[in-house]
Structure formats: C-alpha cells, structure tokens
>>> print(open('run-v1.txt').read())   # compact mmCIF, N, CA and C atoms
# COMPACT_ATOMS: atom_id res chain seq x y z
N MET T 1 -7.78 15.44 -23.43
CA MET T 1 -6.90 15.58 -22.30
C MET T 1 -7.15 16.95 -21.66
N ASN T 2 -7.44 16.96 -20.36
CA ASN T 2 -7.70 18.24 -19.72
C ASN T 2 -6.39 18.96 -19.39
N THR T 3 -6.49 20.20 -18.94
CA THR T 3 -5.29 21.01 -18.72
C THR T 3 -4.44 20.49 -17.56
N LYS T 4 -5.08 19.91 -16.53
CA LYS T 4 -4.32 19.39 -15.39
C LYS T 4 -3.47 18.20 -15.82
N THR T 5 -4.05 17.28 -16.57
CA THR T 5 -3.32 16.13 -17.06
C THR T 5 -2.23 16.57 -18.03
N SER T 6 -2.52 17.54 -18.85
CA SER T 6 -1.54 18.06 -19.79
C SER T 6 -0.35 18.66 -19.06
N TRP T 7 -0.61 19.43 -17.98
CA TRP T 7 0.49 20.05 -17.23
C TRP T 7 1.36 18.97 -16.59
N ILE T 8 0.74 17.93 -16.02
CA ILE T 8 1.49 16.85 -15.38
C ILE T 8 2.35 16.12 -16.41
N GLN T 9 1.83 15.89 -17.60
CA GLN T 9 2.59 15.22 -18.64
C GLN T 9 3.80 16.06 -19.08
N LYS T 10 3.60 17.36 -19.21
CA LYS T 10 4.68 18.24 -19.67
C LYS T 10 5.71 18.53 -18.59
N ASN T 11 5.29 18.55 -17.34
CA ASN T 11 6.16 18.94 -16.24
C ASN T 11 6.28 17.83 -15.20
N SER T 12 6.46 16.60 -15.64
CA SER T 12 6.46 15.48 -14.70
C SER T 12 7.64 15.53 -13.73
N LEU T 13 8.79 16.00 -14.17
CA LEU T 13 9.94 16.09 -13.27
C LEU T 13 9.71 17.15 -12.19
N LEU T 14 9.20 18.28 -12.58
CA LEU T 14 8.87 19.33 -11.61
C LEU T 14 7.80 18.83 -10.64
N GLY T 15 6.79 18.16 -11.17
CA GLY T 15 5.73 17.60 -10.34
C GLY T 15 6.27 16.58 -9.35
N TYR T 16 7.24 15.78 -9.81
CA TYR T 16 7.87 14.80 -8.92
C TYR T 16 8.53 15.50 -7.74
N PHE T 17 9.33 16.52 -8.00
CA PHE T 17 10.04 17.21 -6.92
C PHE T 17 9.07 17.91 -5.97
N ILE T 18 8.06 18.55 -6.51
CA ILE T 18 7.06 19.21 -5.66
C ILE T 18 6.38 18.19 -4.75
N LEU T 19 5.97 17.08 -5.32
CA LEU T 19 5.29 16.04 -4.55
C LEU T 19 6.24 15.38 -3.53
N ALA T 20 7.48 15.14 -3.92
CA ALA T 20 8.44 14.52 -3.00
C ALA T 20 8.68 15.42 -1.79
N TYR T 21 8.89 16.71 -2.03
CA TYR T 21 9.07 17.63 -0.92
C TYR T 21 7.80 17.75 -0.08
N ALA T 22 6.66 17.79 -0.73
CA ALA T 22 5.40 17.92 0.01
C ALA T 22 5.18 16.73 0.94
N ILE T 23 5.42 15.52 0.44
CA ILE T 23 5.23 14.33 1.27
C ILE T 23 6.23 14.32 2.42
N SER T 24 7.51 14.54 2.10
CA SER T 24 8.54 14.48 3.14
C SER T 24 8.38 15.59 4.17
N TRP T 25 8.12 16.80 3.73
CA TRP T 25 8.02 17.91 4.68
C TRP T 25 6.74 17.85 5.50
N THR T 26 5.68 17.29 4.94
CA THR T 26 4.44 17.14 5.70
C THR T 26 4.67 16.26 6.92
N ILE T 27 5.57 15.32 6.79
CA ILE T 27 5.90 14.45 7.91
C ILE T 27 7.10 14.99 8.69
N GLY T 28 8.09 15.50 7.99
CA GLY T 28 9.34 15.93 8.62
C GLY T 28 9.22 17.15 9.50
N ILE T 29 8.45 18.13 9.08
CA ILE T 29 8.32 19.35 9.88
C ILE T 29 7.68 19.06 11.24
N PRO T 30 6.56 18.32 11.31
CA PRO T 30 6.03 17.99 12.64
C PRO T 30 7.01 17.17 13.49
N LEU T 31 7.77 16.26 12.87
CA LEU T 31 8.75 15.49 13.62
C LEU T 31 9.83 16.40 14.20
N ALA T 32 10.28 17.38 13.41
CA ALA T 32 11.29 18.33 13.91
C ALA T 32 10.73 19.19 15.03
N LEU T 33 9.49 19.61 14.89
CA LEU T 33 8.87 20.42 15.95
C LEU T 33 8.72 19.62 17.25
N ILE T 34 8.38 18.35 17.12
CA ILE T 34 8.27 17.49 18.31
C ILE T 34 9.64 17.32 18.95
N ALA T 35 10.68 17.08 18.13
CA ALA T 35 12.03 16.88 18.66
C ALA T 35 12.54 18.12 19.38
N GLN T 36 12.14 19.30 18.93
CA GLN T 36 12.58 20.54 19.56
C GLN T 36 11.69 20.93 20.73
N GLY T 37 10.63 20.18 20.97
CA GLY T 37 9.74 20.47 22.09
C GLY T 37 8.78 21.62 21.82
N LYS T 38 8.61 22.00 20.58
CA LYS T 38 7.71 23.11 20.22
C LYS T 38 6.24 22.69 20.29
N VAL T 39 5.98 21.42 19.99
CA VAL T 39 4.62 20.87 20.06
C VAL T 39 4.67 19.53 20.80
N SER T 40 3.55 19.10 21.31
CA SER T 40 3.52 17.83 22.04
C SER T 40 2.56 16.83 21.39
N TRP T 41 2.61 16.75 20.08
CA TRP T 41 1.77 15.80 19.37
C TRP T 41 2.31 14.39 19.54
N GLN T 42 1.42 13.44 19.39
CA GLN T 42 1.82 12.04 19.40
C GLN T 42 1.72 11.52 17.97
N ILE T 43 2.86 11.21 17.38
CA ILE T 43 2.90 10.69 16.01
C ILE T 43 3.31 9.22 16.09
N PRO T 44 2.57 8.32 15.43
CA PRO T 44 2.93 6.89 15.47
C PRO T 44 4.35 6.68 14.93
N PHE T 45 5.09 5.81 15.60
CA PHE T 45 6.48 5.60 15.25
C PHE T 45 6.71 5.18 13.80
N PRO T 46 5.89 4.29 13.20
CA PRO T 46 6.13 3.92 11.80
C PRO T 46 6.07 5.11 10.82
N LEU T 47 5.42 6.19 11.22
CA LEU T 47 5.34 7.36 10.35
C LEU T 47 6.72 7.99 10.15
N HIS T 48 7.65 7.76 11.08
CA HIS T 48 9.01 8.26 10.93
C HIS T 48 9.64 7.72 9.65
N TYR T 49 9.33 6.47 9.32
CA TYR T 49 9.90 5.86 8.13
C TYR T 49 9.34 6.47 6.85
N LEU T 50 8.07 6.87 6.88
CA LEU T 50 7.48 7.46 5.67
C LEU T 50 8.17 8.75 5.27
N TYR T 51 8.75 9.43 6.24
CA TYR T 51 9.49 10.66 5.94
C TYR T 51 10.58 10.39 4.91
N ALA T 52 11.29 9.31 5.06
CA ALA T 52 12.37 8.97 4.14
C ALA T 52 11.86 8.44 2.81
N TYR T 53 10.63 7.94 2.79
CA TYR T 53 10.09 7.36 1.56
C TYR T 53 9.31 8.35 0.71
N GLY T 54 9.35 9.63 1.05
CA GLY T 54 8.65 10.65 0.25
C GLY T 54 9.03 10.62 -1.23
N PRO T 55 10.33 10.59 -1.55
CA PRO T 55 10.71 10.54 -2.97
C PRO T 55 10.23 9.28 -3.68
N MET T 56 10.27 8.13 -3.00
CA MET T 56 9.81 6.91 -3.64
C MET T 56 8.30 6.95 -3.89
N LEU T 57 7.56 7.41 -2.88
CA LEU T 57 6.11 7.51 -3.05
C LEU T 57 5.77 8.50 -4.16
N SER T 58 6.52 9.59 -4.22
CA SER T 58 6.31 10.58 -5.28
C SER T 58 6.56 9.97 -6.66
N ALA T 59 7.62 9.17 -6.76
CA ALA T 59 7.92 8.53 -8.05
C ALA T 59 6.79 7.59 -8.46
N LEU T 60 6.27 6.83 -7.52
CA LEU T 60 5.17 5.91 -7.85
C LEU T 60 3.91 6.67 -8.23
N ILE T 61 3.61 7.76 -7.51
CA ILE T 61 2.41 8.54 -7.82
C ILE T 61 2.55 9.20 -9.19
N MET T 62 3.70 9.82 -9.45
CA MET T 62 3.88 10.50 -10.74
C MET T 62 3.90 9.50 -11.89
N THR T 63 4.49 8.34 -11.68
CA THR T 63 4.47 7.33 -12.72
C THR T 63 3.05 6.86 -12.98
N GLY T 64 2.28 6.70 -11.92
CA GLY T 64 0.88 6.31 -12.09
C GLY T 64 0.08 7.36 -12.84
N LEU T 65 0.36 8.64 -12.56
CA LEU T 65 -0.36 9.72 -13.25
C LEU T 65 0.05 9.87 -14.71
N THR T 66 1.34 9.66 -15.00
CA THR T 66 1.81 9.89 -16.36
C THR T 66 1.78 8.64 -17.24
N LYS T 67 2.07 7.49 -16.66
CA LYS T 67 2.15 6.25 -17.45
C LYS T 67 1.06 5.24 -17.13
N GLY T 68 0.35 5.44 -16.04
CA GLY T 68 -0.72 4.51 -15.68
C GLY T 68 -0.20 3.25 -15.02
N LYS T 69 -1.06 2.25 -14.97
CA LYS T 69 -0.71 0.99 -14.32
C LYS T 69 0.47 0.30 -15.00
N SER T 70 0.56 0.43 -16.30
CA SER T 70 1.67 -0.24 -17.00
C SER T 70 3.01 0.37 -16.61
N GLY T 71 3.05 1.68 -16.34
CA GLY T 71 4.29 2.31 -15.89
C GLY T 71 4.73 1.82 -14.52
N ILE T 72 3.76 1.68 -13.62
CA ILE T 72 4.09 1.18 -12.28
C ILE T 72 4.53 -0.28 -12.36
N ALA T 73 3.86 -1.07 -13.18
CA ALA T 73 4.27 -2.46 -13.36
C ALA T 73 5.68 -2.54 -13.92
N ASP T 74 6.02 -1.62 -14.84
CA ASP T 74 7.36 -1.59 -15.42
C ASP T 74 8.42 -1.28 -14.37
N ILE T 75 8.10 -0.39 -13.43
CA ILE T 75 9.04 -0.08 -12.35
C ILE T 75 9.34 -1.33 -11.55
N PHE T 76 8.31 -2.07 -11.17
CA PHE T 76 8.53 -3.25 -10.35
C PHE T 76 9.20 -4.39 -11.13
N LYS T 77 8.95 -4.46 -12.44
CA LYS T 77 9.66 -5.45 -13.25
C LYS T 77 11.15 -5.15 -13.26
N ARG T 78 11.50 -3.88 -13.37
CA ARG T 78 12.91 -3.48 -13.41
C ARG T 78 13.62 -3.70 -12.08
N LEU T 79 12.88 -3.71 -10.99
CA LEU T 79 13.50 -3.97 -9.69
C LEU T 79 14.13 -5.36 -9.63
N PHE T 80 13.54 -6.29 -10.33
CA PHE T 80 14.01 -7.66 -10.26
C PHE T 80 14.76 -8.10 -11.51
N LYS T 81 15.03 -7.17 -12.40
CA LYS T 81 15.73 -7.48 -13.64
C LYS T 81 17.13 -6.87 -13.56
N TRP T 82 18.02 -7.60 -12.90
CA TRP T 82 19.36 -7.11 -12.70
C TRP T 82 20.30 -7.72 -13.72
N ARG T 83 21.17 -6.90 -14.20
CA ARG T 83 22.14 -7.38 -15.20
C ARG T 83 23.55 -7.15 -14.66
N ILE T 84 23.86 -7.81 -13.58
CA ILE T 84 25.20 -7.68 -13.02
C ILE T 84 25.81 -9.07 -12.89
N GLY T 85 27.11 -9.11 -12.94
CA GLY T 85 27.81 -10.37 -12.84
C GLY T 85 27.97 -10.84 -11.40
N PHE T 86 28.43 -12.06 -11.26
CA PHE T 86 28.60 -12.67 -9.94
C PHE T 86 29.58 -11.88 -9.09
N SER T 87 30.64 -11.36 -9.69
CA SER T 87 31.64 -10.62 -8.91
C SER T 87 31.03 -9.37 -8.28
N TRP T 88 30.12 -8.70 -8.98
CA TRP T 88 29.48 -7.52 -8.40
C TRP T 88 28.52 -7.89 -7.29
N TRP T 89 27.89 -9.04 -7.38
CA TRP T 89 27.07 -9.54 -6.27
C TRP T 89 27.94 -9.72 -5.04
N MET T 90 29.11 -10.32 -5.23
CA MET T 90 30.01 -10.56 -4.10
C MET T 90 30.50 -9.25 -3.50
N ILE T 91 30.80 -8.27 -4.33
CA ILE T 91 31.24 -6.97 -3.84
C ILE T 91 30.13 -6.29 -3.05
N SER T 92 28.91 -6.36 -3.55
CA SER T 92 27.80 -5.69 -2.86
C SER T 92 27.45 -6.38 -1.55
N LEU T 93 27.65 -7.66 -1.46
CA LEU T 93 27.33 -8.40 -0.23
C LEU T 93 28.50 -8.49 0.74
N SER T 94 29.69 -8.03 0.34
CA SER T 94 30.87 -8.20 1.18
C SER T 94 30.77 -7.47 2.53
N PRO T 95 30.20 -6.27 2.65
CA PRO T 95 30.11 -5.67 3.99
C PRO T 95 29.25 -6.49 4.95
N LEU T 96 28.15 -7.02 4.45
CA LEU T 96 27.29 -7.84 5.29
C LEU T 96 27.99 -9.15 5.66
N ALA T 97 28.69 -9.75 4.70
CA ALA T 97 29.43 -10.98 4.98
C ALA T 97 30.52 -10.71 6.00
N ALA T 98 31.22 -9.58 5.88
CA ALA T 98 32.27 -9.23 6.83
C ALA T 98 31.68 -9.05 8.24
N TYR T 99 30.51 -8.45 8.33
CA TYR T 99 29.87 -8.27 9.63
C TYR T 99 29.61 -9.61 10.29
N PHE T 100 29.10 -10.57 9.53
CA PHE T 100 28.79 -11.87 10.11
C PHE T 100 30.06 -12.66 10.44
N VAL T 101 31.12 -12.49 9.66
CA VAL T 101 32.40 -13.13 9.98
C VAL T 101 32.94 -12.57 11.29
N ILE T 102 32.88 -11.25 11.44
CA ILE T 102 33.34 -10.62 12.68
C ILE T 102 32.49 -11.08 13.86
N ALA T 103 31.19 -11.22 13.66
CA ALA T 103 30.31 -11.71 14.72
C ALA T 103 30.68 -13.13 15.11
N LEU T 104 31.02 -13.96 14.13
CA LEU T 104 31.42 -15.33 14.41
C LEU T 104 32.74 -15.38 15.17
N VAL T 105 33.71 -14.56 14.77
CA VAL T 105 34.99 -14.50 15.47
C VAL T 105 34.78 -14.01 16.90
N GLN T 106 33.95 -13.00 17.08
CA GLN T 106 33.67 -12.52 18.43
C GLN T 106 33.03 -13.61 19.27
N ARG T 107 32.16 -14.40 18.69
CA ARG T 107 31.51 -15.51 19.40
C ARG T 107 32.57 -16.52 19.86
N MET T 108 33.53 -16.82 18.97
CA MET T 108 34.56 -17.79 19.32
C MET T 108 35.50 -17.24 20.40
N ILE T 109 35.80 -15.95 20.37
CA ILE T 109 36.74 -15.37 21.33
C ILE T 109 36.06 -15.07 22.67
N GLN T 110 34.90 -14.41 22.62
CA GLN T 110 34.26 -13.96 23.86
C GLN T 110 33.19 -14.91 24.38
N GLY T 111 32.74 -15.82 23.54
CA GLY T 111 31.74 -16.78 23.98
C GLY T 111 30.31 -16.26 23.94
N GLU T 112 30.09 -15.11 23.33
CA GLU T 112 28.71 -14.60 23.21
C GLU T 112 28.54 -13.94 21.85
N TRP T 113 27.30 -13.91 21.42
CA TRP T 113 26.98 -13.31 20.13
C TRP T 113 26.84 -11.79 20.25
N VAL T 114 27.12 -11.11 19.17
CA VAL T 114 26.86 -9.67 19.13
C VAL T 114 25.35 -9.48 19.10
N ASP T 115 24.91 -8.29 19.44
CA ASP T 115 23.48 -7.98 19.41
C ASP T 115 23.10 -7.62 17.98
N PHE T 116 22.47 -8.56 17.27
CA PHE T 116 22.11 -8.32 15.88
C PHE T 116 21.04 -7.24 15.74
N ASN T 117 20.38 -6.89 16.83
CA ASN T 117 19.41 -5.80 16.78
C ASN T 117 20.09 -4.45 16.54
N LEU T 118 21.40 -4.38 16.75
CA LEU T 118 22.13 -3.13 16.53
C LEU T 118 22.58 -2.97 15.08
N LEU T 119 22.37 -3.99 14.26
CA LEU T 119 22.76 -3.92 12.86
C LEU T 119 22.03 -2.79 12.16
N GLY T 120 22.76 -1.89 11.56
CA GLY T 120 22.18 -0.77 10.84
C GLY T 120 22.07 0.50 11.65
N GLU T 121 22.41 0.47 12.92
CA GLU T 121 22.32 1.67 13.73
C GLU T 121 23.62 2.45 13.66
N VAL T 122 23.51 3.75 13.69
CA VAL T 122 24.67 4.64 13.74
C VAL T 122 24.47 5.61 14.89
N ASN T 123 25.56 6.15 15.39
CA ASN T 123 25.46 6.96 16.59
C ASN T 123 24.97 8.39 16.35
N PHE T 124 24.87 8.83 15.12
CA PHE T 124 24.44 10.20 14.86
C PHE T 124 23.01 10.31 14.36
N LEU T 125 22.28 9.18 14.32
CA LEU T 125 20.88 9.19 13.90
C LEU T 125 20.02 8.64 15.03
N PRO T 126 18.73 8.95 15.01
CA PRO T 126 17.85 8.36 16.03
C PRO T 126 17.85 6.83 15.93
N ASN T 127 17.37 6.20 16.94
CA ASN T 127 17.37 4.76 17.03
C ASN T 127 16.36 4.15 16.05
N LEU T 128 16.73 4.11 14.77
CA LEU T 128 15.87 3.56 13.72
C LEU T 128 16.60 2.45 12.98
N GLY T 129 17.25 1.54 13.70
CA GLY T 129 18.01 0.47 13.08
C GLY T 129 17.20 -0.28 12.04
N VAL T 130 17.90 -0.98 11.19
CA VAL T 130 17.27 -1.66 10.06
C VAL T 130 16.21 -2.65 10.53
N TRP T 131 16.38 -3.24 11.70
CA TRP T 131 15.44 -4.24 12.19
C TRP T 131 14.25 -3.60 12.87
N ARG T 132 14.28 -2.31 13.16
CA ARG T 132 13.17 -1.65 13.84
C ARG T 132 11.93 -1.56 12.95
N ALA T 133 12.11 -1.68 11.67
CA ALA T 133 10.96 -1.60 10.75
C ALA T 133 10.13 -2.87 10.80
N PHE T 134 10.73 -3.96 11.31
CA PHE T 134 10.04 -5.24 11.34
C PHE T 134 9.81 -5.66 12.79
N PRO T 135 8.58 -5.98 13.17
CA PRO T 135 8.32 -6.37 14.56
C PRO T 135 8.75 -7.82 14.82
N VAL T 136 10.05 -8.08 14.68
CA VAL T 136 10.58 -9.42 14.85
C VAL T 136 11.66 -9.37 15.94
N ASP T 137 11.60 -10.30 16.87
CA ASP T 137 12.63 -10.39 17.88
C ASP T 137 13.74 -11.29 17.36
N LEU T 138 14.90 -10.69 17.08
CA LEU T 138 15.99 -11.46 16.48
C LEU T 138 16.67 -12.40 17.47
N HIS T 139 16.36 -12.29 18.75
CA HIS T 139 16.94 -13.21 19.70
C HIS T 139 16.49 -14.64 19.43
N LEU T 140 15.37 -14.79 18.76
CA LEU T 140 14.88 -16.12 18.41
C LEU T 140 15.72 -16.74 17.30
N TRP T 141 16.43 -15.89 16.55
CA TRP T 141 17.18 -16.37 15.40
C TRP T 141 18.63 -16.70 15.72
N TYR T 142 19.07 -16.44 16.93
CA TYR T 142 20.46 -16.74 17.28
C TYR T 142 20.67 -18.24 17.27
N TRP T 143 21.87 -18.63 16.90
CA TRP T 143 22.17 -20.05 16.79
C TRP T 143 22.39 -20.64 18.14
>>> encode(input="run-v1.txt", output="structure tokens")
Amino acid sequence: MNTKTSWIQKNSLLGYFILAYAISWTIGIPLALIAQGKVSWQIPFPLHYLYAYGPMLSALIMTGLTKGKSGIADIFKRLFKWRIGFSWWMISLSPLAAYFVIALVQRMIQGEWVDFNLLGEVNFLPNLGVWRAFPVDLHLWYW
C-alpha cells in the first residue's frame, strides 16, 4: 500500500470534506461571480445542479477509493433497502398527497388546474424547481 492510499484510508472523513468542498466551490464560486456581474462566463444550466451534489459525489468517490466497487455497490443496495412501516410511508408522502388534493379542489372550484411546473419552487431561491432537472413538459400530463 503506497502512502497516498494509506493517507486516504486513515483520513477518509477529512478527505470526504475536502473533496466535497472542492467540488461544490469549484462550481459555486463561478456561479456567485456570474450572479454578481463580476465575470461574464457562460456556464451550462445543468451545472447549477452539480453544485448541490458535491457532497454526494464526494461520498461516492471516497467510497470508491476506500472500499472499491463493492463499497459503491453497498451504497446503492442500501438505497433500496428500507425498513420502515406503512404508517411512515404515509407520513412521508402526506405533503405531496396534500398538494394534489388541493390541486383537485382548486380544479373543482376554479375550473382550471394549478401549474404543476411550479411544484418545488420557492420564492427565495433561483428558478430551479424540481421539474427543471427533467426536460419534460408537464402540460402533456394534465388530465
């Protein structure tokens, strides 16, 4: 085992944080400079999403370096191995269910559907709604 691999094995948590900040800040700092008008670079819009995924990418990279392919496979196995009861499923899905019930009531009262493209948007963040990550026109899905 060489010294670089040894250091990563001994300091994997520190390596994770260094890598997570490096990935996020490499994308975030240019985005902030563009927003402030300091630079006029053109950054592809999907790159905005990678800024938020720096910690996840760091976790996958560090797991790959420390545990190999089996460690990464274990992460993905655990994603689908949930041990929660039906009541917790209902609690976790209740905000989404409430949104659709409210949309249905609004349809019955006002005669038109809410704009489902606004789902996930908040007024204090840039326009990166949950549906913006997928190039799908939700108007096709209206009943």
>>> closest_residue(input="run-v1.txt", among="T:Leu118, T:Ile109, T:Ala73, T:Leu65", to="T:Gln9", atoms="only N, CA and C atoms")
T:Leu65
>>> atom_distance(input="run-v1.txt", atom1="atom N of T:Ile23", atom2="atom CA of T:Ser40")
21.8 Å
>>> axis_aligned_box(input="run-v1.txt", around="stretch 12-31 of chain T", padding_each_side="8 Å", output="lines of an AutoDock Vina configuration file")
center_x = 7.2
center_y = 16.8
center_z = -0.7
size_x = 21.6
size_y = 21.0
size_z = 45.8
>>> select_by_dssp(input="run-v1.txt", residues="stretch 9-99 of chain T", states="helix (DSSP H, G or I)", output="PyMOL selection string")
chain T and resi 9-10+12-35+47-52+54-79+86-99
>>> atom_distance(input="run-v1.txt", atom1="atom N of T:Ile8", atom2="atom C of T:Gly64")
11.1 Å
>>> closest_residue(input="run-v1.txt", among="T:Pro46, T:Tyr51, T:Phe17, T:Phe100", to="T:Ala32", atoms="only C-alpha atoms")
T:Tyr51
>>> residues_around(input="run-v1.txt", residues="stretch 56-61 of chain T", least_positions_apart="6", cutoff="8 Å", atoms="only N, CA and C atoms", output="PyMOL selection string")
chain T and resi 15-21+23+67+71-72
>>> atom_distance(input="run-v1.txt", atom1="atom CA of T:Thr63", atom2="atom CA of T:Lys10")
12.9 Å
>>> closest_residue(input="run-v1.txt", among="T:Ala22, T:Pro30, T:Arg83, T:Thr66", to="T:Tyr53", atoms="only C-alpha atoms")
T:Ala22
>>> build_atoms(input="run-v1.txt", residues="stretch 28-51 of chain T", atoms="N, CA, C and O atoms", output="compact mmCIF listing (two decimals), keeping the file's coordinate frame")
# COMPACT_ATOMS: atom_id res chain seq x y z
N GLY T 28 8.09 15.50 7.99
CA GLY T 28 9.34 15.93 8.62
C GLY T 28 9.22 17.15 9.50
O GLY T 28 9.85 17.22 10.57
N ILE T 29 8.45 18.13 9.08
CA ILE T 29 8.32 19.35 9.88
C ILE T 29 7.68 19.06 11.24
O ILE T 29 8.21 19.49 12.27
N PRO T 30 6.56 18.32 11.31
CA PRO T 30 6.03 17.99 12.64
C PRO T 30 7.01 17.17 13.49
O PRO T 30 7.11 17.38 14.69
N LEU T 31 7.77 16.26 12.87
CA LEU T 31 8.75 15.49 13.62
C LEU T 31 9.83 16.40 14.20
O LEU T 31 10.26 16.21 15.35
N ALA T 32 10.28 17.38 13.41
CA ALA T 32 11.29 18.33 13.91
C ALA T 32 10.73 19.19 15.03
O ALA T 32 11.42 19.46 16.02
N LEU T 33 9.49 19.61 14.89
CA LEU T 33 8.87 20.42 15.95
C LEU T 33 8.72 19.62 17.25
O LEU T 33 8.91 20.15 18.34
N ILE T 34 8.38 18.35 17.12
CA ILE T 34 8.27 17.49 18.31
C ILE T 34 9.64 17.32 18.95
O ILE T 34 9.78 17.40 20.18
N ALA T 35 10.68 17.08 18.13
CA ALA T 35 12.03 16.88 18.66
C ALA T 35 12.54 18.12 19.38
O ALA T 35 13.29 18.01 20.35
N GLN T 36 12.14 19.30 18.93
CA GLN T 36 12.58 20.54 19.56
C GLN T 36 11.69 20.93 20.73
O GLN T 36 11.96 21.92 21.41
N GLY T 37 10.63 20.18 20.97
CA GLY T 37 9.74 20.47 22.09
C GLY T 37 8.78 21.62 21.82
O GLY T 37 8.16 22.14 22.75
N LYS T 38 8.61 22.00 20.58
CA LYS T 38 7.71 23.11 20.22
C LYS T 38 6.24 22.69 20.29
O LYS T 38 5.38 23.50 20.57
N VAL T 39 5.98 21.42 19.99
CA VAL T 39 4.62 20.87 20.06
C VAL T 39 4.67 19.53 20.80
O VAL T 39 5.73 18.92 20.89
N SER T 40 3.55 19.10 21.31
CA SER T 40 3.52 17.83 22.04
C SER T 40 2.56 16.83 21.39
O SER T 40 1.80 16.17 22.06
N TRP T 41 2.61 16.75 20.08
CA TRP T 41 1.77 15.80 19.37
C TRP T 41 2.31 14.39 19.54
O TRP T 41 3.49 14.18 19.76
N GLN T 42 1.42 13.44 19.39
CA GLN T 42 1.82 12.04 19.40
C GLN T 42 1.72 11.52 17.97
O GLN T 42 0.64 11.42 17.41
N ILE T 43 2.86 11.21 17.38
CA ILE T 43 2.90 10.69 16.01
C ILE T 43 3.31 9.22 16.09
O ILE T 43 4.30 8.89 16.74
N PRO T 44 2.57 8.32 15.43
CA PRO T 44 2.93 6.89 15.47
C PRO T 44 4.35 6.68 14.93
O PRO T 44 4.76 7.32 13.96
N PHE T 45 5.09 5.81 15.60
CA PHE T 45 6.48 5.60 15.25
C PHE T 45 6.71 5.18 13.80
O PHE T 45 7.63 5.67 13.16
N PRO T 46 5.89 4.29 13.20
CA PRO T 46 6.13 3.92 11.80
C PRO T 46 6.07 5.11 10.82
O PRO T 46 6.62 5.04 9.73
N LEU T 47 5.42 6.19 11.22
CA LEU T 47 5.34 7.36 10.35
C LEU T 47 6.72 7.99 10.15
O LEU T 47 6.96 8.65 9.14
N HIS T 48 7.65 7.76 11.08
CA HIS T 48 9.01 8.26 10.93
C HIS T 48 9.64 7.72 9.65
O HIS T 48 10.41 8.40 8.99
N TYR T 49 9.33 6.47 9.32
CA TYR T 49 9.90 5.86 8.13
C TYR T 49 9.34 6.47 6.85
O TYR T 49 10.03 6.55 5.84
N LEU T 50 8.07 6.87 6.88
CA LEU T 50 7.48 7.46 5.67
C LEU T 50 8.17 8.75 5.27
O LEU T 50 8.17 9.12 4.10
N TYR T 51 8.75 9.43 6.24
CA TYR T 51 9.49 10.66 5.94
C TYR T 51 10.58 10.39 4.91
O TYR T 51 10.76 11.15 3.97
